[in-house]
Amino acid sequence: MKAGDNAIRTTCPYCGVGCGIIADSKPDGTVRISGDPDHPANFGRLCSKGTALGETIGLKGRLLYPQINGRRADWNDALDLVAKRFSAAVSEHGPDSVAFYVSGQILTEDYYVANKLMKGFIGSANIDTNSRLCMASSVVGHKKAFGADTVPGTYRDLELADLVILVGSNLAWCHPVLYQRLEAAKQARPELKVVLIDPRRTMTAELADLHLQIAPDGDVALFCGMLSYLASKQILDRDYIDGHTNGFAGAIAAAGVFDVEVLSKQTGLSSQDIETFFTWFADNEKTVTVYSQGVNQSSCGTDKVSAILNCHLATGRIGRPGAGPFSVTGQPNAMGGREVGGLATMLASHMELDNTRHRDLVQNFWNAPTIAGKAGLKAVDMFEAVLDGTIKAIWIMSTNPVDSMPNADIVREALQKCPFVVVSDIQEDTDTVRLAHVKLPATAWGEKDGTVTNSERRISRQRPFLPPPGEAKPDWWHMVELARRMGFAGAFNYTGPAEIFAEYAALSGIQNNGSRDFDISALTDTDAYDARGPVQWPVRKSGTAEDHRFFAEGGYYHRDGKAKFVPVKPAAAERQKTGAPLILNTGRIRDQWHTMTRTALAARLNAHSGEPYCDIHPHDAHKYLIGDSELVVVENDLGKAVLRARVSPAQLKGHVFVPMHWTDQTSSCGRINVLVPPLTDRDSGQPASKNVPVSIRPAGDVVYGYLVSKQKPDFAAGELAYWALAKCSGGWRAEIAVPRTVEPEQLLKSCGVASGSEDTVGYHDRKTGQTRLGLFDRDALKWAVYLSGRPVMLAREWLCEQLTVSHDGFAARLKVLAGKPDLNMPDKGALVCACMNVGIHDISRALHGGHLTVSAIGEITAAGTNCGSCRAEINKMIDAFKQQTAIAAE
Ligand code: SF4
């Protein structure tokens with residue numbers, strides 16, 4: 001795309017890949033989004049979420065003014081009240097009676113000011129971030145092994161490697177552009193092998209030469225086994241081990257003797273697969289191990305990271321082109337938060353809270369009256385302290401813990417009981433914002449100005465291209481104003497993000513001289529800030545431009561400059577003692593982000609998965625009497641969720657998968673984190689969100705339904721057994737279920753849609769039990785509802801489009817009631833390609849027409865030709881089609 005005069009280079013606000021974006025504002029108020037061809041993270045690529053960013057910047061639902069107890073207030077009154085309540089809590093109950101819970105969505109400058117205020121001026125380390133839920137185990141694993149939280153490699157390493165191991169990572173959906181880079185590298189060099197280690201057969205498996213469907217938390221045993229295997233075969237880099245590491249013998253002793261039969265039992269993998277995997281690792285010097293939430297979100301996450309790092313240290317495969325361990329982060333600025341000290345366990349600029357020299361250095365640099373002397377409360381502990389009354393005042397910044405934290409109902413209860421809750425957010429109504437005493441409007445992506453760091457240590461600018469709406473203000477400004485009102489004006493005298501960043505950069509270089517990994521002291525020039533391009537740290541004043549990988553020649557950050565092998569035993573992970581028969585794994589889906597507060601604003605992103613679901617193996621579905629597309633209750637001692645069952649062999653037997661995105665705003669009972677216990681890794685405090693004991697049962701005797709409506713339905717006061725609501729092209733779509741006893745009139749009330757006798761058309765078929773009703777205003781469809789005793793088969797996307805077209809005459813209205821287009825207007829089916837609006841039936845028709853490659857299907861349908869996020873899904877359809885064709889031919 002040719003960028004116009006108003007084009008601004010900025011960075012995507014979603015995942016940790018950190019893609020560069022060109023945002024081009026048009027005279028009609030729309031913004032054209034494209035990938036920045038010059039950004040080294042994506043070279044012009046974007047995924048479906050990034051591509052749809054222009055559809056998420058409207059002001060509907062935005063929090064535009066400060067509010068106190070639900071009433072509009074001015075900024076002075078709101079901030080005076082916040083300062084008064086925080087100061088009172090500190091003076092009456094001490095600094096640890098207050099807390100900030102912040103977010104990987106905020107910018108580095110926001111993080112820096114919040115961290116400085118809490119740790120250096122309030123005097124507590126009670127600031128933690130939702131990134132705790134995403135990668136805290138990697139942080140601890142890095143620090144144990146390297147002496148610092150260093151990501152040694154770069155994205156380029158995935159393209160240079162001969163073997164890429166993806167552990168607990170659905171890269172195709174969660175880091176799509178990185179997946180696309182890997183896919184392109186494999187296409188160019190088919191000998192590049194990819195191994196996927198994941199209990200689920202995700203879309204990422206489409207790229208894998210070997211998929212190891214490992215038992216939950218079996219990764220510790222697998223990588224301990226790998227270390228024993230490498231030692232037994234003498235596939236070790238002795239020079240590297242002797243020259244640059246300590247503790248090898250202890251790690252080998254802890255890992256035990258290599259025994260493939262034992263390992264097979266510990267991991268649930270076949271001996272043959274284990275040997276294939278280990279042989280590939282042994283044979284490929286250029287190996288990159290990418291790990292993500294499947295490793296981190298575990299009660300033994302830190303051990304998993306240590307076990308992986310041990311294998312790379314033992315072979316010296318670290319910091320070399322195409323070789324190294326690689327933690328990829330979930331959030332756009334999880335790395336920035338780590339660097340700036342946004343975690344309760346770290347100080348600013350990768351300095352340590354338990355290091356007196358570091359504490360003195362930071363305190364002196366800040367000219368602070370105090371400095372936190374011990375780690376603060378990690379996320380789960382923080383909300384427990386809110387519940388038990390230890391924390392009297394909490395400020396939640398740009399995150400939605402009522403839905404995203406484990407034990408989510410208890411988090412809600414804690415905030416309901418908390419004497420003083422401040423929430424700064426861009427949305428007026430989230431499940432967390434509802435509980436705030438004071439609501440403060442924040443600037444959103446497109447309005448914000450600052451920096452983020454991606455998974456490969458690359459700092460990029462987020463630049464504004466829209467004016468702040470209403471009275472929205474940046475997060476750093478909120479913190480500065482609080483600091484001033486708490487009596488610390490002199491140290492928070494910033495006029496903008498450039499000054500904050502310059503101070504932060506200067507701090508990173510103080511008494512550093514290469515003793516700390518994080519050093520951006522060459523970036524203190526405020527005049528250069530605005531135009532600065534993406535830059536990978538370290539950027540030392542004295543450094544060279546080639547410093548972009550760490551540790552190929554040692555140079556670790558433990559006192560002796562060596563890495564430490566961490567002894568890890570292949571023990572079984574901690575499990576809750578419960579009679580629940582199934583294991584719940586939670587995670588992300590392709591087109592949604594976190595609790596959907598932004599992505600759900602783009603209709604096309606809702607078309608891929610329009611409701612919360614539960615993937616279950618056919619064997620378990622049969623065992624628990626669950627049919628495909630029926631509603632199920634997934635539950636345990638903590639709570640329950642009502643979800644759509646999707647029977648799928650992609651699940652292991654005994655396992656179910658549920659996405660983590662749905663909230664009380666978008667579904668009747670889809671908050672899956674209600675079921676996740678507050679069980680955490682003992683070192684990192686990261687919750688175990690992927691190994692949760694649950695039971696499953698059919699949701700009961702209901703009538704299933706589908707509703708499309710121009711107006712947003714209101715289900716709050718109704719009698720629906722289930723609903724899931726999403727924006728669609730012409731208005732709103734909802735999956736619903738109704739108790740059988742509910743009459744049609746009651747149903748319409750329950751849906752919050754008006755009935756009207758004259759323009760209502762409909763029928764009830766006694767034989768099939770189907771009811772269909774539609775309300776028209778002249779030739780426009782206002783709403784239509786379809787009910788059936790079985791899950792309703794309809795052309796859902798086509799029905800959404802009917803809200804936007806004319807239906808002149810009775811015959812046209814009847815077609816709407818039929819729920820599908822005429823034969824001469826083929827239904828595209830559920831959306832696969834969100835960019836080009838291509839559905840599953842379109843692709844199926846292309847397959848039947850003999851188009852059997854992704855590019856051939858792209859040529860005929862345009863699917864997969866824009867962002868490429870759907871290419872793995874199309875590949876899967878091609879494989880399934882070929883299999884079916886082969887079976888039919890036998
Ligand atoms: Fe954004 Fe997608 Fe790039 Fe992630 S991969 S940064 S979500 S465009």
# chains A, B, ... in the order shown; residues from 1 in each chain; ligands from 1
$ residues_near_ligand --ligand "ligand 1" --cutoff "6 Å" --atoms "only C-alpha atoms and all ligand atoms" --output "list of chain:residue names"
A:Cys12, A:Tyr14, A:Cys15, A:Gly16, A:Val17, A:Gly18, A:Cys19, A:Leu46, A:Cys47, A:Lys49, A:Gly50, A:His175, A:Pro176, A:Val177
$ write_last_selection --atoms "C-alpha atoms" --output "mmCIF file, in the first residue's frame"
data_model
loop_
_atom_site.group_PDB
_atom_site.id
_atom_site.type_symbol
_atom_site.label_atom_id
_atom_site.label_comp_id
_atom_site.auth_asym_id
_atom_site.auth_seq_id
_atom_site.Cartn_x
_atom_site.Cartn_y
_atom_site.Cartn_z
ATOM 1 C CA CYS A 12 0.522 -3.226 16.941
ATOM 2 C CA TYR A 14 -1.721 -7.016 20.612
ATOM 3 C CA CYS A 15 0.832 -9.805 20.823
ATOM 4 C CA GLY A 16 4.519 -9.876 21.708
ATOM 5 C CA VAL A 17 5.657 -10.189 18.083
ATOM 6 C CA GLY A 18 5.420 -6.378 18.029
ATOM 7 C CA CYS A 19 4.654 -5.788 14.361
ATOM 8 C CA LEU A 46 0.134 -8.431 9.735
ATOM 9 C CA CYS A 47 -2.218 -11.057 11.146
ATOM 10 C CA LYS A 49 -6.090 -8.935 14.474
ATOM 11 C CA GLY A 50 -3.553 -6.367 13.340
ATOM 12 C CA HIS A 175 2.136 -15.203 17.345
ATOM 13 C CA PRO A 176 0.857 -15.403 13.778
ATOM 14 C CA VAL A 177 3.436 -13.245 12.030
#
$ residues_around --residues "Tyr722 of chain A" --least-positions-apart "6" --cutoff "10 Å" --atoms "only C-alpha atoms" --output "PDB file with all heavy atoms, in the first residue's frame"
ATOM      1  N   LEU A 631     -24.898 -27.857  23.991  1.00  0.00           N
ATOM      2  CA  LEU A 631     -24.339 -27.074  25.091  1.00  0.00           C
ATOM      3  C   LEU A 631     -23.909 -27.988  26.225  1.00  0.00           C
ATOM      4  O   LEU A 631     -24.571 -28.986  26.511  1.00  0.00           O
ATOM      5  CB  LEU A 631     -25.371 -26.070  25.601  1.00  0.00           C
ATOM      6  CG  LEU A 631     -25.681 -24.921  24.641  1.00  0.00           C
ATOM      7  CD1 LEU A 631     -26.821 -24.065  25.181  1.00  0.00           C
ATOM      8  CD2 LEU A 631     -24.439 -24.063  24.402  1.00  0.00           C
ATOM      9  N   VAL A 642     -20.849 -22.460  30.874  1.00  0.00           N
ATOM     10  CA  VAL A 642     -21.740 -23.104  29.905  1.00  0.00           C
ATOM     11  C   VAL A 642     -21.220 -22.761  28.519  1.00  0.00           C
ATOM     12  O   VAL A 642     -21.061 -21.582  28.172  1.00  0.00           O
ATOM     13  CB  VAL A 642     -23.197 -22.629  30.079  1.00  0.00           C
ATOM     14  CG1 VAL A 642     -24.110 -23.378  29.102  1.00  0.00           C
ATOM     15  CG2 VAL A 642     -23.669 -22.837  31.503  1.00  0.00           C
ATOM     16  N   LEU A 643     -20.940 -23.810  27.741  1.00  0.00           N
ATOM     17  CA  LEU A 643     -20.177 -23.631  26.500  1.00  0.00           C
ATOM     18  C   LEU A 643     -20.726 -24.518  25.399  1.00  0.00           C
ATOM     19  O   LEU A 643     -21.417 -25.501  25.664  1.00  0.00           O
ATOM     20  CB  LEU A 643     -18.711 -24.022  26.755  1.00  0.00           C
ATOM     21  CG  LEU A 643     -18.054 -23.388  27.984  1.00  0.00           C
ATOM     22  CD1 LEU A 643     -16.880 -24.227  28.459  1.00  0.00           C
ATOM     23  CD2 LEU A 643     -17.608 -21.979  27.667  1.00  0.00           C
ATOM     24  N   ARG A 644     -20.368 -24.202  24.166  1.00  0.00           N
ATOM     25  CA  ARG A 644     -20.726 -25.030  23.014  1.00  0.00           C
ATOM     26  C   ARG A 644     -19.709 -26.170  22.884  1.00  0.00           C
ATOM     27  O   ARG A 644     -18.498 -25.906  22.865  1.00  0.00           O
ATOM     28  CB  ARG A 644     -20.692 -24.168  21.754  1.00  0.00           C
ATOM     29  CG  ARG A 644     -21.106 -24.871  20.484  1.00  0.00           C
ATOM     30  CD  ARG A 644     -22.579 -25.033  20.360  1.00  0.00           C
ATOM     31  NE  ARG A 644     -23.273 -23.757  20.500  1.00  0.00           N
ATOM     32  CZ  ARG A 644     -24.599 -23.640  20.485  1.00  0.00           C
ATOM     33  NH1 ARG A 644     -25.379 -24.695  20.345  1.00  0.00           N
ATOM     34  NH2 ARG A 644     -25.161 -22.449  20.631  1.00  0.00           N
ATOM     35  N   SER A 667     -21.170 -13.180  27.083  1.00  0.00           N
ATOM     36  CA  SER A 667     -21.775 -14.510  27.220  1.00  0.00           C
ATOM     37  C   SER A 667     -22.468 -14.635  28.567  1.00  0.00           C
ATOM     38  O   SER A 667     -22.180 -13.889  29.500  1.00  0.00           O
ATOM     39  CB  SER A 667     -20.705 -15.596  27.099  1.00  0.00           C
ATOM     40  OG  SER A 667     -19.820 -15.511  28.194  1.00  0.00           O
ATOM     41  N   SER A 668     -23.394 -15.586  28.633  1.00  0.00           N
ATOM     42  CA  SER A 668     -24.139 -15.750  29.883  1.00  0.00           C
ATOM     43  C   SER A 668     -23.285 -16.393  30.961  1.00  0.00           C
ATOM     44  O   SER A 668     -23.421 -16.068  32.144  1.00  0.00           O
ATOM     45  CB  SER A 668     -25.383 -16.606  29.641  1.00  0.00           C
ATOM     46  OG  SER A 668     -25.013 -17.831  29.030  1.00  0.00           O
ATOM     47  N   CYS A 669     -22.398 -17.298  30.576  1.00  0.00           N
ATOM     48  CA  CYS A 669     -21.624 -18.029  31.589  1.00  0.00           C
ATOM     49  C   CYS A 669     -20.359 -18.589  30.933  1.00  0.00           C
ATOM     50  O   CYS A 669     -20.134 -19.794  30.945  1.00  0.00           O
ATOM     51  CB  CYS A 669     -22.501 -19.148  32.164  1.00  0.00           C
ATOM     52  SG  CYS A 669     -21.868 -19.888  33.667  1.00  0.00           S
ATOM     53  N   GLY A 670     -19.543 -17.711  30.366  1.00  0.00           N
ATOM     54  CA  GLY A 670     -18.388 -18.180  29.600  1.00  0.00           C
ATOM     55  C   GLY A 670     -17.044 -17.825  30.206  1.00  0.00           C
ATOM     56  O   GLY A 670     -16.013 -17.991  29.564  1.00  0.00           O
ATOM     57  N   ALA A 699     -25.782 -29.704  29.073  1.00  0.00           N
ATOM     58  CA  ALA A 699     -26.398 -28.573  29.771  1.00  0.00           C
ATOM     59  C   ALA A 699     -27.876 -28.794  30.074  1.00  0.00           C
ATOM     60  O   ALA A 699     -28.483 -28.000  30.776  1.00  0.00           O
ATOM     61  CB  ALA A 699     -26.233 -27.315  28.939  1.00  0.00           C
ATOM     62  N   VAL A 702     -32.838 -28.176  26.475  1.00  0.00           N
ATOM     63  CA  VAL A 702     -33.076 -26.790  26.052  1.00  0.00           C
ATOM     64  C   VAL A 702     -33.501 -26.758  24.587  1.00  0.00           C
ATOM     65  O   VAL A 702     -33.297 -27.704  23.837  1.00  0.00           O
ATOM     66  CB  VAL A 702     -31.810 -25.918  26.215  1.00  0.00           C
ATOM     67  CG1 VAL A 702     -31.448 -25.712  27.665  1.00  0.00           C
ATOM     68  CG2 VAL A 702     -30.636 -26.483  25.420  1.00  0.00           C
ATOM     69  N   TYR A 704     -32.565 -24.836  21.232  1.00  0.00           N
ATOM     70  CA  TYR A 704     -31.411 -24.089  20.720  1.00  0.00           C
ATOM     71  C   TYR A 704     -31.884 -22.975  19.788  1.00  0.00           C
ATOM     72  O   TYR A 704     -32.882 -23.155  19.068  1.00  0.00           O
ATOM     73  CB  TYR A 704     -30.476 -25.017  19.951  1.00  0.00           C
ATOM     74  CG  TYR A 704     -29.736 -25.987  20.845  1.00  0.00           C
ATOM     75  CD1 TYR A 704     -30.319 -27.193  21.231  1.00  0.00           C
ATOM     76  CD2 TYR A 704     -28.465 -25.681  21.307  1.00  0.00           C
ATOM     77  CE1 TYR A 704     -29.637 -28.088  22.052  1.00  0.00           C
ATOM     78  CE2 TYR A 704     -27.783 -26.553  22.125  1.00  0.00           C
ATOM     79  CZ  TYR A 704     -28.367 -27.754  22.494  1.00  0.00           C
ATOM     80  OH  TYR A 704     -27.694 -28.620  23.317  1.00  0.00           O
ATOM     81  N   GLY A 705     -31.161 -21.879  19.771  1.00  0.00           N
ATOM     82  CA  GLY A 705     -31.597 -20.789  18.903  1.00  0.00           C
ATOM     83  C   GLY A 705     -30.460 -19.927  18.385  1.00  0.00           C
ATOM     84  O   GLY A 705     -29.332 -19.967  18.885  1.00  0.00           O
ATOM     85  N   PHE A 715     -30.002  -9.243  27.115  1.00  0.00           N
ATOM     86  CA  PHE A 715     -30.413 -10.515  27.691  1.00  0.00           C
ATOM     87  C   PHE A 715     -30.461 -10.477  29.222  1.00  0.00           C
ATOM     88  O   PHE A 715     -30.788 -11.480  29.850  1.00  0.00           O
ATOM     89  CB  PHE A 715     -29.429 -11.623  27.280  1.00  0.00           C
ATOM     90  CG  PHE A 715     -29.338 -11.832  25.791  1.00  0.00           C
ATOM     91  CD1 PHE A 715     -28.142 -11.669  25.131  1.00  0.00           C
ATOM     92  CD2 PHE A 715     -30.459 -12.193  25.066  1.00  0.00           C
ATOM     93  CE1 PHE A 715     -28.047 -11.872  23.762  1.00  0.00           C
ATOM     94  CE2 PHE A 715     -30.379 -12.392  23.691  1.00  0.00           C
ATOM     95  CZ  PHE A 715     -29.171 -12.233  23.032  1.00  0.00           C
ATOM     96  N   ALA A 734     -26.444 -13.583  17.913  1.00  0.00           N
ATOM     97  CA  ALA A 734     -26.383 -14.241  19.223  1.00  0.00           C
ATOM     98  C   ALA A 734     -26.753 -15.702  19.085  1.00  0.00           C
ATOM     99  O   ALA A 734     -27.709 -16.054  18.386  1.00  0.00           O
ATOM    100  CB  ALA A 734     -27.323 -13.552  20.206  1.00  0.00           C
ATOM    101  N   GLU A 735     -25.969 -16.533  19.722  1.00  0.00           N
ATOM    102  CA  GLU A 735     -26.346 -17.923  19.920  1.00  0.00           C
ATOM    103  C   GLU A 735     -27.109 -17.951  21.229  1.00  0.00           C
ATOM    104  O   GLU A 735     -26.665 -17.376  22.226  1.00  0.00           O
ATOM    105  CB  GLU A 735     -25.104 -18.814  20.009  1.00  0.00           C
ATOM    106  CG  GLU A 735     -24.211 -18.779  18.782  1.00  0.00           C
ATOM    107  CD  GLU A 735     -24.819 -19.481  17.575  1.00  0.00           C
ATOM    108  OE1 GLU A 735     -25.781 -20.259  17.754  1.00  0.00           O
ATOM    109  OE2 GLU A 735     -24.344 -19.232  16.443  1.00  0.00           O
ATOM    110  N   ILE A 736     -28.261 -18.615  21.237  1.00  0.00           N
ATOM    111  CA  ILE A 736     -29.060 -18.631  22.460  1.00  0.00           C
ATOM    112  C   ILE A 736     -29.574 -20.046  22.740  1.00  0.00           C
ATOM    113  O   ILE A 736     -29.538 -20.913  21.861  1.00  0.00           O
ATOM    114  CB  ILE A 736     -30.272 -17.660  22.383  1.00  0.00           C
ATOM    115  CG1 ILE A 736     -31.164 -18.008  21.180  1.00  0.00           C
ATOM    116  CG2 ILE A 736     -29.820 -16.221  22.306  1.00  0.00           C
ATOM    117  CD1 ILE A 736     -32.441 -17.168  21.109  1.00  0.00           C
ATOM    118  N   ALA A 737     -30.017 -20.271  23.938  1.00  0.00           N
ATOM    119  CA  ALA A 737     -30.746 -21.487  24.284  1.00  0.00           C
ATOM    120  C   ALA A 737     -31.792 -21.115  25.320  1.00  0.00           C
ATOM    121  O   ALA A 737     -31.566 -20.241  26.164  1.00  0.00           O
ATOM    122  CB  ALA A 737     -29.805 -22.548  24.831  1.00  0.00           C
ATOM    123  N   VAL A 738     -32.937 -21.763  25.207  1.00  0.00           N
ATOM    124  CA  VAL A 738     -34.089 -21.383  26.010  1.00  0.00           C
ATOM    125  C   VAL A 738     -34.616 -22.633  26.709  1.00  0.00           C
ATOM    126  O   VAL A 738     -34.675 -23.700  26.087  1.00  0.00           O
ATOM    127  CB  VAL A 738     -35.220 -20.861  25.099  1.00  0.00           C
ATOM    128  CG1 VAL A 738     -36.230 -20.063  25.873  1.00  0.00           C
ATOM    129  CG2 VAL A 738     -34.660 -20.048  23.955  1.00  0.00           C
ATOM    130  N   PRO A 739     -35.019 -22.523  27.968  1.00  0.00           N
ATOM    131  CA  PRO A 739     -35.686 -23.679  28.583  1.00  0.00           C
ATOM    132  C   PRO A 739     -36.923 -24.046  27.763  1.00  0.00           C
ATOM    133  O   PRO A 739     -37.595 -23.164  27.203  1.00  0.00           O
ATOM    134  CB  PRO A 739     -36.088 -23.161  29.965  1.00  0.00           C
ATOM    135  CG  PRO A 739     -35.208 -21.988  30.224  1.00  0.00           C
ATOM    136  CD  PRO A 739     -34.890 -21.400  28.883  1.00  0.00           C
TER     137      PRO A 739
END
$ closest_residue --among "A:Lys473, A:Arg320, A:Arg357, A:His594" --to "Thr154 of chain A" --atoms "only C-alpha atoms"
A:Arg320
$ select_by_dssp --residues "segment 6-246 of chain A" --states "helix (DSSP H, G or I)" --output "count of residues only"
109
$ residues_around --residues "Asp74 of chain A" --least-positions-apart "5" --cutoff "12 Å" --atoms "only C-alpha atoms" --output "list in words"
Leu64, Tyr65, Pro66, Gln67, Ile68, Leu79, Asp80, Leu81, Val438, Lys439, Leu440, Pro441, Gly470, Glu471 and Ala472 of chain A
$ residues_around --residues "segment 105-118 of chain A" --least-positions-apart "2" --cutoff "7 Å" --atoms "only C-alpha atoms" --output "ChimeraX atom specification"
/A:13,103,120-125,127,331-333,336-337,340-342,398,450-452,475-476,479,483,497,500-501
